[in-house]
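Student: One structure coming up, written as structure tokens, with questions to follow.
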Amino acid sequence: MLAAALALAGCGGPTATAPASPGHLDVLTTTTLLASLASDVGHNRAVVTSLMPVGASPETYEPSPSDIVRAHDAGLIVENGAGLEAWLGPMLRSGATKTPLVDCSAGLQIVDANPHLWLDPQNARHYVAQIRDAMIAADPGGAPTYRANAAALDARLDALNARIVKAIATIPAANRNMIVFHNAWLYYNRRYGLRTLGAIEEVPGSEPSAGHMAQLIDAARAAHVRAIFAEPEYNANLVNAVARSADIPRVAMLYDDSVGTSPQTRDYISMLDTDTATIVAALK
Ligand SMILES: [Zn+2]
């Protein structure tokens with residue numbers, strides 16, 4: 001199977017990442033947001049790449065043969081866990097890879113089988129500790145670097161948390177209702193006192209039923225929802241239809257499962273600062 005994957009990958013053009021230089025750790029994360037955190041922890045020591053490209057949906061991702069090769073070649077795989085990467089286990093088994101793997105959400109409380117724990121910066125601090133320890137186990141010589149980098153990132157995440165608390169406090173309590181495209185904001189909303197009134201997509205990647213849409217529109221009308229939050233790869237027709245039917249004046253854009261490409265969204269902390277500013281502007 002691995003040989004077949006290698007052969008396929010060879011035909012597939014520029015796929016595999018450059019190998020890390022000797023003495024350095026080659027880290028493969030599943031998502032771009034995990035890559036953002038892991039890059040900061042591994043700064044000056046580990047080479048970090050993301051399996052999924054910017055903008056890909058982790059819930060519906062289909063790994064390619066070259067992904068198996070990348071997983072096999074990596075010195076460490078970083079996954080979110082909590083059921084996000086259902087495709088990862090079969091993929092790794094098919095490549096019979098021996099690469100160590102760290103589950104970032106292990107030890108955190110998972111609510112409603114929802115995997116989007118990373119959108120709460122306090123959970124991200126737990127991710128950073130998990131990544132730090134896994135990097136040290138895979139590359140003990142880098143321990144001082146990983147510890148120092150992780151401590152610096154932890155302080156920045158703590159500061160991010162304080163900024164979000166302050167920003168959300170400016171939204172009148174009655175306005176703190178969100179209709180989102182998919183249910184990514186559960187942990188963020190629990191942390192900061194917002195309410196997810198509903199999600200357009202009940203199951204990521206599948207069209208919502210007419211009954212679900214009607215329920216959502218009724219709930220939005222009853223709560224006088226001020227904004228609906230879409231995503232860069234959203235279905236514009238669906239979002240605009242809900243906004244029109246429920247008399248919701250604004251459609252705003254949030255980044256949640258992937259970083260973006262602009263300087264404002266291309267790493268974890270910038271992305272959450274930008275998302276928070278978007279939420280405050282839309283609901284204030
Ligand atoms: Zn998601």
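Each chain in the structure tokens gets a letter, A, B, ..., in the order shown, and its residues are numbered from 1; ligands are numbered from 1 in order too.
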Got a sec: who's within 8 Å of Gly198 in chain A, counting only C-alpha atoms, leaving out chain neighbours fewer than 3 positions off, as an MDAnalysis selection string?
Tutor: chainID A and resid 178:180 183 216
Student: Atoms to include: all heavy atoms. Write the selected residues as a PDB file, in the first residue's frame.
Tutor:
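Everything below was put into out39.pdb:
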```pdb
ATOM      1  N   MET A 178     -25.776  34.412  18.108  1.00  0.00           N
ATOM      2  CA  MET A 178     -25.125  34.189  16.812  1.00  0.00           C
ATOM      3  C   MET A 178     -25.835  33.092  16.025  1.00  0.00           C
ATOM      4  O   MET A 178     -26.171  32.050  16.578  1.00  0.00           O
ATOM      5  CB  MET A 178     -23.660  33.767  17.007  1.00  0.00           C
ATOM      6  CG  MET A 178     -22.766  34.877  17.520  1.00  0.00           C
ATOM      7  SD  MET A 178     -21.112  34.264  17.960  1.00  0.00           S
ATOM      8  CE  MET A 178     -20.400  33.941  16.339  1.00  0.00           C
ATOM      9  N   ILE A 179     -26.039  33.369  14.739  1.00  0.00           N
ATOM     10  CA  ILE A 179     -26.372  32.281  13.822  1.00  0.00           C
ATOM     11  C   ILE A 179     -25.129  32.070  12.981  1.00  0.00           C
ATOM     12  O   ILE A 179     -24.580  33.018  12.427  1.00  0.00           O
ATOM     13  CB  ILE A 179     -27.600  32.622  12.973  1.00  0.00           C
ATOM     14  CG1 ILE A 179     -28.826  32.591  13.891  1.00  0.00           C
ATOM     15  CG2 ILE A 179     -27.753  31.632  11.815  1.00  0.00           C
ATOM     16  CD1 ILE A 179     -30.128  32.420  13.223  1.00  0.00           C
ATOM     17  N   VAL A 180     -24.655  30.851  12.953  1.00  0.00           N
ATOM     18  CA  VAL A 180     -23.379  30.559  12.301  1.00  0.00           C
ATOM     19  C   VAL A 180     -23.593  29.610  11.135  1.00  0.00           C
ATOM     20  O   VAL A 180     -24.663  29.009  11.011  1.00  0.00           O
ATOM     21  CB  VAL A 180     -22.379  29.944  13.308  1.00  0.00           C
ATOM     22  CG1 VAL A 180     -22.011  30.955  14.386  1.00  0.00           C
ATOM     23  CG2 VAL A 180     -22.939  28.678  13.935  1.00  0.00           C
ATOM     24  N   ASN A 183     -21.368  24.616  13.249  1.00  0.00           N
ATOM     25  CA  ASN A 183     -21.314  24.807  14.695  1.00  0.00           C
ATOM     26  C   ASN A 183     -19.884  24.812  15.241  1.00  0.00           C
ATOM     27  O   ASN A 183     -19.516  23.999  16.087  1.00  0.00           O
ATOM     28  CB  ASN A 183     -22.159  23.726  15.380  1.00  0.00           C
ATOM     29  CG  ASN A 183     -22.562  24.142  16.787  1.00  0.00           C
ATOM     30  OD1 ASN A 183     -22.254  25.256  17.222  1.00  0.00           O
ATOM     31  ND2 ASN A 183     -23.230  23.261  17.501  1.00  0.00           N
ATOM     32  N   LEU A 216     -34.777  27.619  12.043  1.00  0.00           N
ATOM     33  CA  LEU A 216     -33.697  28.581  12.257  1.00  0.00           C
ATOM     34  C   LEU A 216     -34.206  30.005  12.026  1.00  0.00           C
ATOM     35  O   LEU A 216     -33.914  30.926  12.794  1.00  0.00           O
ATOM     36  CB  LEU A 216     -32.565  28.243  11.280  1.00  0.00           C
ATOM     37  CG  LEU A 216     -31.204  28.832  11.549  1.00  0.00           C
ATOM     38  CD1 LEU A 216     -30.684  28.387  12.906  1.00  0.00           C
ATOM     39  CD2 LEU A 216     -30.223  28.391  10.456  1.00  0.00           C
TER      40      LEU A 216
END
```
Student: Can you tell me which residues sit at most 7 Å away from ligand 1, counting only C-alpha atoms and all ligand atoms, written as a list of chain:residue names?
Tutor: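 After applying the 7 Å limit, what remains is A:Ser57, A:Pro58, A:Glu59, A:His116, A:His182, A:Asn183, A:Ala184, A:Asp256, A:Asp257.
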Student: Please provide the set of residues having any atom within 12 Å of Asp218 in chain A, restricted to only C-alpha atoms, with same-chain residues fewer than 2 positions apart removed, written as a list of chain:residue names.
Tutor: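 Close residues of Asp218 in chain A: A:Ile179, A:Leu197, A:Gly198, A:Gly211, A:His212, A:Met213, A:Ala214, A:Gln215, A:Leu216, A:Ala220, A:Arg221, A:Ala222, A:Ala223, A:His224, A:Val225, A:Val242, A:Ala243, A:Ser245, A:Ala246, A:Asp247, A:Ile248.
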Student: Which residue out of A:Ile110, A:Ala152, A:Ala46, A:Leu101 has the minimum interatomic distance to Tyr187 in chain A when only C-alpha atoms are used?
Tutor: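 Smallest separation from Tyr187 in chain A among the options: A:Ile110.
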Student: Excluding Pro63 in chain A and residues on its chain fewer than 4 positions from it, collect all residues at most 9 Å away from it, counting only C-alpha atoms, and give them as a list in words.
Tutor: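 Skipping anything fewer than 4 positions along the chain leaves Leu51, Met52, Asp67, Ile68, Trp87, Leu88 and Met91 of chain A.
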Student: Keeping only all heavy atoms, write the selected residues as a PDB file, in the first residue's frame.
Tutor:
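Wrote result_2.pdb, looks like this:
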```pdb
ATOM      1  N   LEU A  51      -1.026  19.261   6.725  1.00  0.00           N
ATOM      2  CA  LEU A  51      -1.509  18.302   5.727  1.00  0.00           C
ATOM      3  C   LEU A  51      -2.585  18.953   4.861  1.00  0.00           C
ATOM      4  O   LEU A  51      -2.546  18.904   3.638  1.00  0.00           O
ATOM      5  CB  LEU A  51      -2.082  17.095   6.475  1.00  0.00           C
ATOM      6  CG  LEU A  51      -2.322  15.817   5.692  1.00  0.00           C
ATOM      7  CD1 LEU A  51      -1.002  15.183   5.320  1.00  0.00           C
ATOM      8  CD2 LEU A  51      -3.138  14.843   6.524  1.00  0.00           C
ATOM      9  N   MET A  52      -3.568  19.576   5.516  1.00  0.00           N
ATOM     10  CA  MET A  52      -4.657  20.210   4.785  1.00  0.00           C
ATOM     11  C   MET A  52      -4.233  21.600   4.333  1.00  0.00           C
ATOM     12  O   MET A  52      -3.569  22.314   5.072  1.00  0.00           O
ATOM     13  CB  MET A  52      -5.894  20.321   5.685  1.00  0.00           C
ATOM     14  CG  MET A  52      -6.481  18.965   6.036  1.00  0.00           C
ATOM     15  SD  MET A  52      -7.801  19.108   7.230  1.00  0.00           S
ATOM     16  CE  MET A  52      -8.713  20.437   6.524  1.00  0.00           C
ATOM     17  N   ASP A  67      -0.521  12.332   0.941  1.00  0.00           N
ATOM     18  CA  ASP A  67      -0.663  12.604   2.373  1.00  0.00           C
ATOM     19  C   ASP A  67      -0.112  11.438   3.197  1.00  0.00           C
ATOM     20  O   ASP A  67       0.467  11.632   4.270  1.00  0.00           O
ATOM     21  CB  ASP A  67      -2.133  12.823   2.742  1.00  0.00           C
ATOM     22  CG  ASP A  67      -2.676  14.156   2.227  1.00  0.00           C
ATOM     23  OD1 ASP A  67      -1.865  15.040   1.901  1.00  0.00           O
ATOM     24  OD2 ASP A  67      -3.913  14.298   2.147  1.00  0.00           O
ATOM     25  N   ILE A  68      -0.342  10.223   2.710  1.00  0.00           N
ATOM     26  CA  ILE A  68       0.158   9.036   3.419  1.00  0.00           C
ATOM     27  C   ILE A  68       1.682   9.079   3.466  1.00  0.00           C
ATOM     28  O   ILE A  68       2.298   8.794   4.492  1.00  0.00           O
ATOM     29  CB  ILE A  68      -0.335   7.741   2.719  1.00  0.00           C
ATOM     30  CG1 ILE A  68      -1.868   7.689   2.744  1.00  0.00           C
ATOM     31  CG2 ILE A  68       0.256   6.504   3.399  1.00  0.00           C
ATOM     32  CD1 ILE A  68      -2.459   6.522   1.972  1.00  0.00           C
ATOM     33  N   TRP A  87     -10.767  10.680   9.211  1.00  0.00           N
ATOM     34  CA  TRP A  87     -10.052  10.082   8.078  1.00  0.00           C
ATOM     35  C   TRP A  87      -8.599   9.740   8.419  1.00  0.00           C
ATOM     36  O   TRP A  87      -7.936   9.018   7.672  1.00  0.00           O
ATOM     37  CB  TRP A  87     -10.069  11.053   6.885  1.00  0.00           C
ATOM     38  CG  TRP A  87      -9.832  12.482   7.294  1.00  0.00           C
ATOM     39  CD1 TRP A  87     -10.800  13.408   7.616  1.00  0.00           C
ATOM     40  CD2 TRP A  87      -8.571  13.155   7.459  1.00  0.00           C
ATOM     41  NE1 TRP A  87     -10.208  14.602   7.982  1.00  0.00           N
ATOM     42  CE2 TRP A  87      -8.855  14.477   7.890  1.00  0.00           C
ATOM     43  CE3 TRP A  87      -7.240  12.760   7.304  1.00  0.00           C
ATOM     44  CZ2 TRP A  87      -7.849  15.404   8.159  1.00  0.00           C
ATOM     45  CZ3 TRP A  87      -6.232  13.689   7.564  1.00  0.00           C
ATOM     46  CH2 TRP A  87      -6.551  14.991   7.981  1.00  0.00           C
ATOM     47  N   LEU A  88      -8.112  10.246   9.557  1.00  0.00           N
ATOM     48  CA  LEU A  88      -6.674  10.118   9.830  1.00  0.00           C
ATOM     49  C   LEU A  88      -6.283   8.685  10.221  1.00  0.00           C
ATOM     50  O   LEU A  88      -5.275   8.171   9.724  1.00  0.00           O
ATOM     51  CB  LEU A  88      -6.268  11.100  10.931  1.00  0.00           C
ATOM     52  CG  LEU A  88      -4.786  11.237  11.216  1.00  0.00           C
ATOM     53  CD1 LEU A  88      -4.049  11.803  10.014  1.00  0.00           C
ATOM     54  CD2 LEU A  88      -4.542  12.135  12.429  1.00  0.00           C
ATOM     55  N   MET A  91      -6.117   6.350   7.324  1.00  0.00           N
ATOM     56  CA  MET A  91      -5.022   6.779   6.457  1.00  0.00           C
ATOM     57  C   MET A  91      -3.670   6.309   7.011  1.00  0.00           C
ATOM     58  O   MET A  91      -2.829   5.785   6.282  1.00  0.00           O
ATOM     59  CB  MET A  91      -5.040   8.304   6.359  1.00  0.00           C
ATOM     60  CG  MET A  91      -3.974   8.864   5.458  1.00  0.00           C
ATOM     61  SD  MET A  91      -3.865  10.656   5.659  1.00  0.00           S
ATOM     62  CE  MET A  91      -2.243  10.773   6.386  1.00  0.00           C
TER      63      MET A  91
END
```
Student: Which of these residues is nearest to Asp139 in chain A, using only C-alpha atoms: A:Lys166, A:His126, A:Arg266, A:Arg45?
Tutor: A:Arg45
Student: Could you list, as a ChimeraX atom specification, every residue within 12 Å of Val111 in chain A, counting only C-alpha atoms and ignoring same-chain residues fewer than 2 positions away?
Tutor: /A:82-83,105,108-109,113-117,183-187,190
Student: Which residue is closest to Val251 in chain A? Choose from A:Ile228, A:Leu238, A:Ala138, A:Ala162 and count only C-alpha atoms.
Tutor: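 Using only C-alpha atoms, the shortest distance to Val251 in chain A belongs to A:Ile228.
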Student: Counting only C-alpha atoms, what are the residues of range 111-215 of chain A within 7 Å of range 29-42 of chain A, and for each of them which pair of atoms is the nearest and at what distance in Å, to one decimal? Sort the table by chain and rising number, as a tab-separated table.
Tutor:
```
residue	atom	partner	partner_atom	distance
A:Val128	CA	A:Leu37	CA	6.7
A:Ile131	CA	A:Ala38	CA	6.6
A:Arg132	CA	A:Val41	CA	6.4
A:Tyr146	CA	A:Val41	CA	5.6
A:Asn149	CA	A:Val41	CA	4.9
A:Ala150	CA	A:Val41	CA	5.0
A:Leu153	CA	A:Asp40	CA	6.8
```
Student: When distances are computed from only C-alpha atoms, which of A:Val54, A:Ala169, A:Val69, A:Ile136 shows the smallest separation from Tyr255 in chain A?
Tutor: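 The closest residue to Tyr255 in chain A is A:Val54.
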Student: Between CA of Gly193 in chain A and CA of Gly55 in chain A, what is the distance in Å, rounded to a tenth?
Tutor: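 Taking CA of Gly193 in chain A as the start and CA of Gly55 in chain A as the end point, the length is 27.5 Å.
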Student: Please indicate the distance in Å from CA of Ile168 in chain A to CA of Asn123 in chain A, rounded to one decimal place.
Tutor: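 Rounded to one decimal, the two atoms are 18.1 Å apart.
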Student: Near Lys98 in chain A, counting only C-alpha atoms, which residues have an atom at most 10 Å away, once you skip same-chain residues fewer than 6 positions from it, shown as a PyMOL selection string?
Tutor: chain A and resi 71-76+92
Student: If you measure from CA of Asn80 in chain A to CA of Val280 in chain A, what distance in Å do you get, rounded to one decimal?
Tutor: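 The value is 27.4 Å.
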Student: Can you tell me which residues surround Ile269 in chain A at a distance of at most 10 Å, considering only C-alpha atoms, apart from same-chain residues fewer than 5 positions away, and format the answer as number ranges by chain?
Tutor: A: 33, 36-37, 121, 153, 156-157, 159-161, 259, 264, 274-275
Student: Give me every strand (DSSP E or B) residue in range 62-235 of chain A, going by DSSP on the backbone, as a count of residues only.
Tutor: 24
Student: Of the residues A:Thr170, A:Pro100, A:Asp267, A:Val48, which is the one nearest to Ala137 in chain A, using only C-alpha atoms?
Tutor: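 Checking each of A:Thr170, A:Pro100, A:Asp267, A:Val48 against Ala137 in chain A, counting only C-alpha atoms, the winner is A:Pro100.
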Student: Please determine, counting only C-alpha atoms, which residue among A:Asn177, A:Thr261, A:Ser50, A:Asn240 has the shortest atom-to-atom distance to Arg226 in chain A.
Tutor: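 Comparing A:Asn177, A:Thr261, A:Ser50, A:Asn240 against Arg226 in chain A, the winner is A:Asn177.
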Student: Run DSSP on the backbone and grab whatever in range 182-267 of chain A lands in helix (DSSP H, G or I); send it over as a PyMOL selection string.
Tutor: chain A and resi 186-192+210-222+236-245
